[in-house]
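K.L.:
This is the structure I want to talk about, given as structure tokens.
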Amino acid sequence: MSTSIGRNKQRNWREIGVGMVVPVLAIAIWQAVASMGWVNPQVLPSPLAVWERWVAYLLPLVPYEGYTEGGWWHWAFSGELIVDTLTSLYRVVVGFLIGGGLALPLGLAMGASNTVYAWMNPLVQILRPIPPIAYIPLAILWFGLGNPPAVFLIALGAFFPVLMNTIAGVRHVDGIYLRAARNLGAGGATMFLRVILPAAVPYILSGVRIGIGTAFIVVIVSEMIAVNNGLGYRILEAREYFWSDKIIAGMITIGMLGLAIDIGMNRLNNYLLRWHRGLEH
């Protein structure tokens, strides 16, 4: 058992090392091009300039001696980057919980009932292709500015991936499972709770993973339009002042957060689906 765990850790570290080759090479080429003056630094600053701006973006804006709003910990986490990141993550979590919370029961009902599917599917198929960005004027008209329109757009972005994957999961349960359950005398409720729902869990979790990724994309766009804080707002602000290094620093932060969220969701899915892959032991 310990040998297997050790091999898995070695494989994981090897995969991380291989995955870092291309980013490191890209940064080295980028730095070389910037150092040789082949590009205007106002258009494409060097990685070192971006790093310096990222650190300045991370650190508190005022010295601790002049900070009066709270203690040391409050001051240490008062940098724009930390505040913007937490604000964006808050909107993502709230929007996803609303969108996913509405999509899951509807998807289960549409997948399990042909009647509900026949009633709801035409409306779903009409609304599904509309990108959340198209709702921005209506969101501002309905909710004004601030968090409500941003949360509404994020909920829309998360709703349809969770909905469609849940429907697919319920409707694509292997017929062998259903026949075996009927032969054992399973009723409708038992069939749904003990057979259909567990078999659909891999699809549902895939929809959750996609929905969170979509929600994170939508929050950046919504923050450029409807709010006055967050990572998206800060990138738009930097554009107004031609701070290209801060724009790229914000973009890199978004990419790192997106990667962390995706890795976290992937590990959560693997943990929750151990039974599905025969890895309980």
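Starting from 1 in every chain, residues are counted up; chains themselves are A, B, ... following the order of the structure tokens, and ligands are numbered from 1 as listed.
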Residues within 12 Å of Gly258 (chain A), please, as a list in words. Count only C-alpha atoms; anything in the same chain fewer than 5 positions from it doesn't count.
P.N.:
Thr85, Ser88, Leu89, Val92, Arg209, Ile210, Ile212, Gly213, Thr214, Ala215, Phe216, Ile217, Val219, Ile220, Met251, Ile252, Thr253, Ile263, Gly264 and Met265 of chain A
K.L.:
Compile the contact shell of Phe160 (chain A) as a PyMOL selection string: residues with an atom at most 9 Å away, counting only C-alpha atoms, same-chain residues fewer than 5 positions apart removed.
P.N.:
chain A and resi 99-100+103+124+128+165+207+211
K.L.:
Of the candidates A:Pro45, A:Pro23, A:Gly107, A:Gly79, which one gets nearest to Met164 (chain A) if we count only C-alpha atoms?
P.N.:
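Ranking A:Pro45, A:Pro23, A:Gly107, A:Gly79 by distance to Met164 (chain A), first place goes to A:Gly107.
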K.L.:
Expressed in Å to a single decimal, how great is the separation between CA of Arg274 (chain A) and CA of Ile204 (chain A)?
P.N.:
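Between CA of Arg274 (chain A) and CA of Ile204 (chain A) the gap works out to 15.0 Å.
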K.L.:
Quick one: residues within 12 Å of Ile248 (chain A), only C-alpha atoms, excluding same-chain residues fewer than 4 positions away - as a VMD selection string?
P.N.:
chain A and resid 42 to 54 57 231 to 232 234 to 236 238 to 239 242 to 244 252 to 255
K.L.:
Could you work out how far CA of Ala260 (chain A) lies from CA of Met224 (chain A), giving the answer in Å with one decimal?
P.N.:
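Atom-to-atom, CA of Met224 (chain A) and CA of Ala260 (chain A) are spaced 22.4 Å apart.
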K.L.:
Using only C-alpha atoms, which of the listed residues (A:Ile154, A:Ile261, A:Val21, A:Ala226) sits closest to Val94 (chain A)?
P.N.:
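Among A:Ile154, A:Ile261, A:Val21, A:Ala226, it is A:Ile154 that comes nearest to Val94 (chain A).
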K.L.:
Just the residues within 12 Å of Val116 (chain A), please, counting only C-alpha atoms, with nothing from its chain fewer than 6 positions along; format it as a ChimeraX atom specification.
P.N.:
/A:105-110,122-124,167
K.L.:
Please determine, counting only C-alpha atoms, which residue among A:Gly19, A:Pro129, A:Gly146, A:Gly95 has the shortest atom-to-atom distance to Val227 (chain A).
P.N.:
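Among the listed residues, the smallest separation from Val227 (chain A) belongs to A:Gly146.
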K.L.:
Excluding region 147-153 of chain A and residues on its chain fewer than 6 positions from it, collect all residues at most 10 Å away from it, counting only C-alpha atoms, and give them as a PyMOL selection string.
P.N.:
chain A and resi 87-88+90-99+131-141+159+215+218-229
K.L.:
Of the candidates A:Gly230, A:Asn270, A:Asn114, A:Leu145, which one gets nearest to Glu80 (chain A) if we count only C-alpha atoms?
P.N.:
A:Gly230
